[in-house]
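What follows is a short report on a single structure.
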Amino acid sequence: MFDFKLQVFQSVASRLSFSKAAEDLHITQPAVTRHIRQIEAHFNQKLFKRKGNSIALTEAGRLLLSHSKLIFQQYEKAEFDMNSLIDKNEGNLRIAASTTIAQYILPEVLAKFHQKFPKIRIHLLNMNTEKVEKSVMNNSVELGFIEGQSKNRELSYQPFLQDEIVLVVDKSHPLAKQNQISISELKDIPLVLRERGSGTREVILKAFQHENVKMEELNIELELGSSESIKSYLSNGHSGSFLSINTVLKELKHGDLYIVDIENLQIKREFFFIQQQGHHSKLNAVYLKFLQHHYNF
């Protein structure tokens, strides 16, 4: 079937290796080569080109890869939707999420999940990243969502969404209309940061360390426990704060807050879901499968 040929192509395209694709699919390398040649003959275009001892996708190959990913995503979605019609999933699922994710990311997904699985009751707890990890480890919750990846060997970490942290100021701030500042100029701005233990704070400080900026050099005037309280505080018009872009979308749209770019500094991170190593309950799997289709991770 052509579906299997697409699967072979996708494996070669992702691994950029005929031999590794053969291992993944448990077929011979000549069989992989044959399937690729048949697809190329069908479209009358080369999908791969040789680069020394390696291979790379041609323009046609990159286009087909984007289509094949969409095709297989639709297959998975169809299978998930069909199975959900007959699956009698019910019970209680306890989730802990760090503040940004709990307030701005998960509610929309939870509403859609509840429509599809009304018999599964979800209890969502809002806490900082450090406490989320502890709650998963001591079995207070089955599933956690955090801002940034720690290194606890008892937990498994899986990324599901990329985020960016930006410097924002109130519309009345002198920098509101300025496109960019230097890191040196940043040191003169009174800053409001999240509390210790916050995933957002941890990512910001690591970014500063990478640029050889020490905490003592920053003008930190206050620490607050939530993005909402920080946004309210910024209305004083003289402070700035580093916040997730997901927490300020409404304010940016309405012109209440402005992003101030910092020269040569871009702070990006992944949002992760975490479980205990080897712990994969049925309800966890159902929810994570639903999340996967929502965010296509």
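Ligands are numbered from 1 in the order shown, residues from 1 within each chain, and chains are lettered A, B, ... in the order they appear in the structure tokens.
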**Request:** Extract, using only C-alpha atoms, all DNA, RNA and protein residues at most 8 Å from Val166 of chain A, discarding same-chain residues fewer than 4 positions from it, and format them as a VMD selection string.
**Result:** chain A and resid 242 to 245 259 to 261 266 to 267
Can you pull out every residue from segment 43-153 of chain A that DSSP, working from the backbone, puts in strand (DSSP E or B), and format the result as a PDB file with N, CA and C atoms, in the first residue's frame?
ATOM      1  N   PHE A  48      15.613  12.661  -2.422  1.00  0.00           N
ATOM      2  CA  PHE A  48      16.848  12.786  -1.649  1.00  0.00           C
ATOM      3  C   PHE A  48      18.010  13.075  -2.580  1.00  0.00           C
ATOM      4  N   LYS A  49      19.011  13.743  -2.025  1.00  0.00           N
ATOM      5  CA  LYS A  49      20.237  13.985  -2.778  1.00  0.00           C
ATOM      6  C   LYS A  49      21.429  13.597  -1.913  1.00  0.00           C
ATOM      7  N   ARG A  50      22.480  13.118  -2.548  1.00  0.00           N
ATOM      8  CA  ARG A  50      23.687  12.706  -1.839  1.00  0.00           C
ATOM      9  C   ARG A  50      24.531  13.921  -1.465  1.00  0.00           C
ATOM     10  N   LYS A  51      25.058  13.899  -0.211  1.00  0.00           N
ATOM     11  CA  LYS A  51      25.992  14.930   0.243  1.00  0.00           C
ATOM     12  C   LYS A  51      27.168  14.223   0.897  1.00  0.00           C
ATOM     13  N   SER A  54      26.466  11.236   3.303  1.00  0.00           N
ATOM     14  CA  SER A  54      25.138  11.393   3.893  1.00  0.00           C
ATOM     15  C   SER A  54      24.122  11.763   2.818  1.00  0.00           C
ATOM     16  N   ILE A  55      22.866  11.867   3.231  1.00  0.00           N
ATOM     17  CA  ILE A  55      21.816  12.267   2.303  1.00  0.00           C
ATOM     18  C   ILE A  55      21.064  13.460   2.878  1.00  0.00           C
ATOM     19  N   ALA A  56      20.393  14.194   2.006  1.00  0.00           N
ATOM     20  CA  ALA A  56      19.586  15.338   2.408  1.00  0.00           C
ATOM     21  C   ALA A  56      18.315  15.358   1.568  1.00  0.00           C
ATOM     22  N   LEU A  57      17.286  15.980   2.095  1.00  0.00           N
ATOM     23  CA  LEU A  57      16.027  16.092   1.370  1.00  0.00           C
ATOM     24  C   LEU A  57      16.143  17.127   0.254  1.00  0.00           C
ATOM     25  N   GLY A  91     -13.296   7.992  35.794  1.00  0.00           N
ATOM     26  CA  GLY A  91     -12.444   7.996  36.975  1.00  0.00           C
ATOM     27  C   GLY A  91     -11.974   9.404  37.285  1.00  0.00           C
ATOM     28  N   ASN A  92     -10.995   9.498  38.173  1.00  0.00           N
ATOM     29  CA  ASN A  92     -10.454  10.786  38.605  1.00  0.00           C
ATOM     30  C   ASN A  92      -8.984  10.897  38.210  1.00  0.00           C
ATOM     31  N   LEU A  93      -8.635  12.008  37.615  1.00  0.00           N
ATOM     32  CA  LEU A  93      -7.254  12.256  37.219  1.00  0.00           C
ATOM     33  C   LEU A  93      -6.776  13.522  37.918  1.00  0.00           C
ATOM     34  N   ARG A  94      -5.726  13.369  38.721  1.00  0.00           N
ATOM     35  CA  ARG A  94      -5.190  14.505  39.476  1.00  0.00           C
ATOM     36  C   ARG A  94      -3.968  15.063  38.750  1.00  0.00           C
ATOM     37  N   ILE A  95      -4.022  16.358  38.455  1.00  0.00           N
ATOM     38  CA  ILE A  95      -2.962  17.038  37.715  1.00  0.00           C
ATOM     39  C   ILE A  95      -2.480  18.242  38.509  1.00  0.00           C
ATOM     40  N   ALA A  96      -1.173  18.458  38.507  1.00  0.00           N
ATOM     41  CA  ALA A  96      -0.596  19.682  39.064  1.00  0.00           C
ATOM     42  C   ALA A  96       0.131  20.399  37.940  1.00  0.00           C
ATOM     43  N   ALA A  97      -0.014  21.703  37.886  1.00  0.00           N
ATOM     44  CA  ALA A  97       0.633  22.481  36.828  1.00  0.00           C
ATOM     45  C   ALA A  97       1.198  23.760  37.395  1.00  0.00           C
ATOM     46  N   ILE A 120     -14.635  11.440  33.022  1.00  0.00           N
ATOM     47  CA  ILE A 120     -13.325  11.577  33.660  1.00  0.00           C
ATOM     48  C   ILE A 120     -13.289  12.935  34.372  1.00  0.00           C
ATOM     49  N   ARG A 121     -13.149  12.885  35.690  1.00  0.00           N
ATOM     50  CA  ARG A 121     -13.078  14.111  36.474  1.00  0.00           C
ATOM     51  C   ARG A 121     -11.618  14.499  36.678  1.00  0.00           C
ATOM     52  N   ILE A 122     -11.285  15.723  36.305  1.00  0.00           N
ATOM     53  CA  ILE A 122      -9.903  16.195  36.449  1.00  0.00           C
ATOM     54  C   ILE A 122      -9.824  17.210  37.570  1.00  0.00           C
ATOM     55  N   HIS A 123      -8.857  17.002  38.459  1.00  0.00           N
ATOM     56  CA  HIS A 123      -8.586  17.929  39.550  1.00  0.00           C
ATOM     57  C   HIS A 123      -7.256  18.618  39.236  1.00  0.00           C
ATOM     58  N   LEU A 124      -7.296  19.911  38.935  1.00  0.00           N
ATOM     59  CA  LEU A 124      -6.101  20.660  38.548  1.00  0.00           C
ATOM     60  C   LEU A 124      -5.635  21.540  39.700  1.00  0.00           C
ATOM     61  N   LEU A 125      -4.405  21.311  40.139  1.00  0.00           N
ATOM     62  CA  LEU A 125      -3.800  22.105  41.207  1.00  0.00           C
ATOM     63  C   LEU A 125      -2.786  23.068  40.611  1.00  0.00           C
ATOM     64  N   ASN A 126      -2.769  24.292  41.117  1.00  0.00           N
ATOM     65  CA  ASN A 126      -1.885  25.336  40.621  1.00  0.00           C
ATOM     66  C   ASN A 126      -0.767  25.573  41.639  1.00  0.00           C
ATOM     67  N   LEU A 143       0.032  13.360  37.311  1.00  0.00           N
ATOM     68  CA  LEU A 143       0.602  14.006  36.130  1.00  0.00           C
ATOM     69  C   LEU A 143       0.936  15.454  36.470  1.00  0.00           C
ATOM     70  N   GLY A 144       2.084  15.928  36.005  1.00  0.00           N
ATOM     71  CA  GLY A 144       2.478  17.302  36.268  1.00  0.00           C
ATOM     72  C   GLY A 144       2.863  18.019  34.993  1.00  0.00           C
ATOM     73  N   PHE A 145       2.705  19.344  35.000  1.00  0.00           N
ATOM     74  CA  PHE A 145       3.099  20.179  33.861  1.00  0.00           C
ATOM     75  C   PHE A 145       3.962  21.312  34.397  1.00  0.00           C
ATOM     76  N   ILE A 146       5.156  21.451  33.839  1.00  0.00           N
ATOM     77  CA  ILE A 146       6.109  22.417  34.381  1.00  0.00           C
ATOM     78  C   ILE A 146       6.724  23.274  33.285  1.00  0.00           C
ATOM     79  N   GLU A 147       7.325  24.389  33.726  1.00  0.00           N
ATOM     80  CA  GLU A 147       7.972  25.341  32.836  1.00  0.00           C
ATOM     81  C   GLU A 147       9.483  25.141  32.926  1.00  0.00           C
TER      82      GLU A 147
END
**Asked** Looking at only C-alpha atoms, which of A:Glu211, A:Glu270, A:Glu228, A:Asp188 is the one that sits closest to Gly148 of chain A?
**Response** A:Glu270
**Request:** Would you please extract all alpha helix (DSSP H) residues from segment 123-281 of chain A, as assigned by DSSP on the backbone, and give them as number ranges by chain?
**Result:** A: 129-137, 183-186, 199-210, 227-233, 249-254
Please produce, as CSV, a per-residue contact table for segment 190-261 of chain A versus segment 168-185 of chain A (criterion: any atom at most 6 Å away, only C-alpha atoms considered), showing the nearest atom pair and its distance in Å to one decimal, sorted by chain then residue number.
residue,atom,partner,partner_atom,distance
A:Leu234,CA,A:Asp170,CA,5.7
A:Ser235,CA,A:Asp170,CA,5.6
A:Gly237,CA,A:His173,CA,4.6
A:His238,CA,A:His173,CA,5.7
A:Gly240,CA,A:Val169,CA,4.8
A:Ser241,CA,A:Val168,CA,5.6
A:Asp256,CA,A:Lys171,CA,5.4
A:Leu257,CA,A:Asp170,CA,4.6
A:Tyr258,CA,A:Val168,CA,5.4
A:Ile259,CA,A:Val168,CA,4.5
A:Val260,CA,A:Gln180,CA,5.8
A:Asp261,CA,A:Gln180,CA,4.6
N, CA and C atoms of the current selection, written as a short mmCIF file (atom, residue, chain, number, x, y, z; two decimals), in the first residue's frame:
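As a result, part_34.cif now contains:
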data_model
loop_
_atom_site.label_atom_id
_atom_site.label_comp_id
_atom_site.auth_asym_id
_atom_site.auth_seq_id
_atom_site.Cartn_x
_atom_site.Cartn_y
_atom_site.Cartn_z
N LEU A 234 2.84 46.44 37.01
CA LEU A 234 3.50 47.18 35.94
C LEU A 234 2.76 48.45 35.55
N SER A 235 1.52 48.58 35.99
CA SER A 235 0.74 49.78 35.64
C SER A 235 1.32 51.03 36.30
N GLY A 237 4.09 52.14 35.65
CA GLY A 237 4.72 52.85 34.54
C GLY A 237 6.22 53.02 34.62
N HIS A 238 6.89 52.50 35.65
CA HIS A 238 8.34 52.67 35.72
C HIS A 238 9.09 51.34 35.80
N GLY A 240 9.65 47.03 34.67
CA GLY A 240 9.52 46.05 33.61
C GLY A 240 9.53 44.66 34.20
N SER A 241 9.12 43.66 33.41
CA SER A 241 9.14 42.29 33.91
C SER A 241 9.29 41.32 32.74
N ASP A 256 -2.10 47.45 26.08
CA ASP A 256 -1.86 47.81 27.48
C ASP A 256 -0.41 47.54 27.89
N LEU A 257 0.20 46.54 27.28
CA LEU A 257 1.60 46.21 27.51
C LEU A 257 2.35 46.21 26.19
N TYR A 258 3.65 46.47 26.27
CA TYR A 258 4.50 46.46 25.08
C TYR A 258 5.72 45.57 25.33
N ILE A 259 6.17 44.89 24.29
CA ILE A 259 7.39 44.09 24.36
C ILE A 259 8.58 44.98 24.04
N VAL A 260 9.63 44.86 24.86
CA VAL A 260 10.89 45.56 24.60
C VAL A 260 11.94 44.50 24.27
N ASP A 261 12.40 44.47 23.04
CA ASP A 261 13.42 43.51 22.64
C ASP A 261 14.78 43.88 23.24
#
**Request:** Could you jot down the atom CA of Ser140 of chain A to atom CA of Thr247 of chain A separation for me, Å, one decimal place?
**Result:**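 Separation of atom CA of Ser140 of chain A and atom CA of Thr247 of chain A: 26.8 Å.
Atom CA of Lys253 of chain A to atom CA of Ser232 of chain A spans 16.4 Å [interatomic distance, one decimal].
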Hey, which bits of segment 101-184 of chain A sit within 12 Å of segment 199-207 of chain A, and for each residue what's the closest pair of atoms and how far apart in Å (one decimal), counting only C-alpha atoms, rows by chain and increasing number, as CSV?
residue,atom,partner,partner_atom,distance
A:Ile101,CA,A:Gly199,CA,10.5
A:Met127,CA,A:Gly199,CA,10.4
A:Asn128,CA,A:Gly199,CA,6.9
A:Thr129,CA,A:Gly199,CA,5.4
A:Glu130,CA,A:Gly199,CA,7.7
A:Lys131,CA,A:Gly199,CA,10.5
A:Val132,CA,A:Gly199,CA,10.4
A:Glu133,CA,A:Gly199,CA,11.2
A:Phe145,CA,A:Gly199,CA,10.7
A:Ile146,CA,A:Gly199,CA,7.1
A:Glu147,CA,A:Gly199,CA,4.9
A:Gly148,CA,A:Gly199,CA,6.0
A:Gln149,CA,A:Gly199,CA,8.8
A:Ser150,CA,A:Gly199,CA,9.6
A:Asp163,CA,A:Thr200,CA,10.3
A:Glu164,CA,A:Thr200,CA,10.0
A:Ile165,CA,A:Ile204,CA,7.8
A:Val166,CA,A:Ile204,CA,9.5
A:Leu167,CA,A:Ile204,CA,10.3
A:Ile183,CA,A:Ala207,CA,11.6
Go ahead and save the picked residues with all heavy atoms, as a compact mmCIF listing (two decimals), in the first residue's frame.
# COMPACT_ATOMS: atom_id res chain seq x y z
N ILE A 101 1.16 27.58 33.08
CA ILE A 101 0.46 26.54 32.33
C ILE A 101 -0.95 26.36 32.85
O ILE A 101 -1.91 26.21 32.08
CB ILE A 101 1.25 25.21 32.41
CG1 ILE A 101 2.64 25.40 31.81
CG2 ILE A 101 0.51 24.10 31.67
CD1 ILE A 101 3.55 24.20 31.97
N MET A 127 0.49 25.37 41.23
CA MET A 127 1.63 25.56 42.14
C MET A 127 2.88 25.82 41.30
O MET A 127 2.85 25.67 40.07
CB MET A 127 1.82 24.34 43.04
CG MET A 127 1.92 23.02 42.29
SD MET A 127 1.93 21.56 43.39
CE MET A 127 0.23 21.54 43.99
N ASN A 128 3.97 26.21 41.94
CA ASN A 128 5.17 26.47 41.15
C ASN A 128 5.85 25.16 40.75
O ASN A 128 5.51 24.08 41.23
CB ASN A 128 6.15 27.42 41.88
CG ASN A 128 6.75 26.83 43.14
OD1 ASN A 128 7.00 25.63 43.22
ND2 ASN A 128 6.99 27.67 44.13
N THR A 129 6.81 25.27 39.84
CA THR A 129 7.45 24.09 39.24
C THR A 129 8.03 23.15 40.28
O THR A 129 7.87 21.92 40.20
CB THR A 129 8.55 24.54 38.26
OG1 THR A 129 7.94 25.21 37.15
CG2 THR A 129 9.36 23.36 37.75
N GLU A 130 8.71 23.71 41.26
CA GLU A 130 9.35 22.89 42.30
C GLU A 130 8.32 22.04 43.04
O GLU A 130 8.54 20.84 43.29
CB GLU A 130 10.08 23.82 43.27
CG GLU A 130 10.87 23.12 44.35
CD GLU A 130 11.58 24.10 45.27
OE1 GLU A 130 11.66 25.29 44.91
OE2 GLU A 130 12.05 23.67 46.34
N LYS A 131 7.17 22.63 43.38
CA LYS A 131 6.14 21.91 44.11
C LYS A 131 5.42 20.90 43.21
O LYS A 131 4.97 19.85 43.70
CB LYS A 131 5.14 22.89 44.71
CG LYS A 131 5.73 23.73 45.84
CD LYS A 131 4.71 24.69 46.43
CE LYS A 131 5.32 25.50 47.57
NZ LYS A 131 4.35 26.48 48.14
N VAL A 132 5.31 21.20 41.92
CA VAL A 132 4.70 20.24 40.99
C VAL A 132 5.51 18.95 40.97
O VAL A 132 4.98 17.84 41.06
CB VAL A 132 4.61 20.82 39.56
CG1 VAL A 132 4.18 19.74 38.57
CG2 VAL A 132 3.62 21.97 39.52
N GLU A 133 6.83 19.09 40.87
CA GLU A 133 7.69 17.91 40.84
C GLU A 133 7.55 17.09 42.13
O GLU A 133 7.47 15.85 42.09
CB GLU A 133 9.14 18.33 40.63
CG GLU A 133 9.41 18.88 39.24
CD GLU A 133 10.87 19.22 39.01
OE1 GLU A 133 11.51 19.75 39.95
OE2 GLU A 133 11.37 18.95 37.90
N PHE A 145 2.70 19.34 35.00
CA PHE A 145 3.10 20.18 33.86
C PHE A 145 3.96 21.31 34.40
O PHE A 145 3.55 22.04 35.30
CB PHE A 145 1.87 20.74 33.15
CG PHE A 145 1.06 19.70 32.43
CD1 PHE A 145 0.10 18.97 33.11
CD2 PHE A 145 1.29 19.44 31.09
CE1 PHE A 145 -0.64 17.99 32.47
CE2 PHE A 145 0.55 18.46 30.44
CZ PHE A 145 -0.41 17.74 31.12
N ILE A 146 5.16 21.45 33.84
CA ILE A 146 6.11 22.42 34.38
C ILE A 146 6.72 23.27 33.28
O ILE A 146 6.70 22.92 32.10
CB ILE A 146 7.23 21.71 35.19
CG1 ILE A 146 8.02 20.77 34.28
CG2 ILE A 146 6.66 20.97 36.37
CD1 ILE A 146 9.25 20.20 34.95
N GLU A 147 7.32 24.39 33.73
CA GLU A 147 7.97 25.34 32.84
C GLU A 147 9.48 25.14 32.93
O GLU A 147 10.14 25.76 33.74
CB GLU A 147 7.60 26.77 33.25
CG GLU A 147 6.11 26.98 33.40
CD GLU A 147 5.79 28.17 34.29
OE1 GLU A 147 6.65 29.06 34.45
OE2 GLU A 147 4.67 28.21 34.83
N GLY A 148 10.02 24.27 32.11
CA GLY A 148 11.45 23.99 32.18
C GLY A 148 11.69 22.57 32.65
O GLY A 148 10.85 21.95 33.29
N GLN A 149 12.85 22.06 32.31
CA GLN A 149 13.18 20.67 32.61
C GLN A 149 14.22 20.58 33.72
O GLN A 149 15.30 21.15 33.61
CB GLN A 149 13.71 19.96 31.36
CG GLN A 149 14.02 18.49 31.58
CD GLN A 149 14.50 17.82 30.31
OE1 GLN A 149 14.78 18.48 29.32
NE2 GLN A 149 14.62 16.51 30.33
N SER A 150 13.90 19.88 34.79
CA SER A 150 14.87 19.62 35.84
C SER A 150 15.61 18.32 35.53
O SER A 150 15.51 17.79 34.43
CB SER A 150 14.16 19.53 37.19
OG SER A 150 13.47 20.74 37.46
N ASP A 163 7.66 27.89 24.37
CA ASP A 163 7.23 29.19 24.91
C ASP A 163 8.39 30.17 24.76
O ASP A 163 9.55 29.78 24.61
CB ASP A 163 6.85 29.03 26.39
CG ASP A 163 6.33 30.31 27.00
OD1 ASP A 163 5.58 31.03 26.31
OD2 ASP A 163 6.65 30.59 28.17
N GLU A 164 8.08 31.45 24.79
CA GLU A 164 9.11 32.48 24.78
C GLU A 164 8.83 33.46 25.93
O GLU A 164 7.68 33.82 26.18
CB GLU A 164 9.12 33.24 23.46
CG GLU A 164 10.22 34.28 23.37
CD GLU A 164 10.32 34.94 22.01
OE1 GLU A 164 9.48 34.63 21.14
OE2 GLU A 164 11.23 35.77 21.83
N ILE A 165 9.88 33.85 26.61
CA ILE A 165 9.77 34.82 27.70
C ILE A 165 10.27 36.16 27.19
O ILE A 165 11.36 36.26 26.63
CB ILE A 165 10.58 34.36 28.93
CG1 ILE A 165 10.00 33.04 29.46
CG2 ILE A 165 10.54 35.42 30.02
CD1 ILE A 165 10.81 32.41 30.56
N VAL A 166 9.46 37.20 27.38
CA VAL A 166 9.78 38.52 26.83
C VAL A 166 9.76 39.58 27.93
O VAL A 166 9.08 39.43 28.95
CB VAL A 166 8.78 38.91 25.72
CG1 VAL A 166 8.94 38.00 24.51
CG2 VAL A 166 7.34 38.86 26.23
N LEU A 167 10.52 40.64 27.71
CA LEU A 167 10.49 41.79 28.61
C LEU A 167 9.31 42.67 28.21
O LEU A 167 9.20 43.09 27.05
CB LEU A 167 11.79 42.58 28.50
CG LEU A 167 11.85 43.91 29.30
CD1 LEU A 167 11.76 43.65 30.80
CD2 LEU A 167 13.14 44.67 28.97
N ILE A 183 21.75 44.95 26.76
CA ILE A 183 21.76 44.31 28.08
C ILE A 183 22.24 45.30 29.14
O ILE A 183 21.77 45.29 30.28
CB ILE A 183 22.64 43.05 28.06
CG1 ILE A 183 21.98 41.96 27.21
CG2 ILE A 183 22.89 42.53 29.47
CD1 ILE A 183 22.71 40.65 27.15
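For the residues A:Ala31, A:Ala102, A:Leu70, A:Leu155, ranking by smallest atom-to-atom distance to Gln276 of chain A using only C-alpha atoms places A:Leu155 first.
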**Request:** To one decimal in Å, tell me the separation between atom CA of Glu223 of chain A and atom CA of Phe160 of chain A.
**Result:**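 We find that atom CA of Glu223 of chain A and atom CA of Phe160 of chain A lie 28.1 Å from each other.
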**Prompt:** Could you pull the residues within 9 Å of Asn284 of chain A, counting only C-alpha atoms, minus those fewer than 3 positions along the same chain, as a list in words?
**Reply:**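 Near neighbours after the sequence-gap exclusion: Leu93, Glu142, Leu143, Gln275, His280, Ser281, Tyr287, Leu288 and Lys289 of chain A.
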Just-selected residues, N, CA and C atoms written as a compact mmCIF listing (two decimals), in the first residue's frame:
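Dumped everything to selection.txt:
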# COMPACT_ATOMS: atom_id res chain seq x y z
N LEU A 93 -8.63 12.01 37.62
CA LEU A 93 -7.25 12.26 37.22
C LEU A 93 -6.78 13.52 37.92
N GLU A 142 -1.02 12.42 39.66
CA GLU A 142 -0.48 11.44 38.71
C GLU A 142 0.34 12.08 37.60
N LEU A 143 0.03 13.36 37.31
CA LEU A 143 0.60 14.01 36.13
C LEU A 143 0.94 15.45 36.47
N GLN A 275 5.89 12.59 34.64
CA GLN A 275 5.31 11.44 35.34
C GLN A 275 6.44 10.75 36.10
N HIS A 280 2.58 4.71 34.06
CA HIS A 280 1.75 5.09 32.91
C HIS A 280 0.33 4.56 33.12
N SER A 281 -0.48 5.31 33.86
CA SER A 281 -1.85 4.87 34.10
C SER A 281 -2.71 5.06 32.86
N TYR A 287 -5.46 11.20 28.57
CA TYR A 287 -5.32 12.65 28.56
C TYR A 287 -4.13 13.10 27.72
N LEU A 288 -3.01 12.41 27.84
CA LEU A 288 -1.82 12.79 27.09
C LEU A 288 -2.02 12.57 25.59
N LYS A 289 -2.77 11.53 25.23
CA LYS A 289 -3.08 11.30 23.82
C LYS A 289 -3.92 12.45 23.28
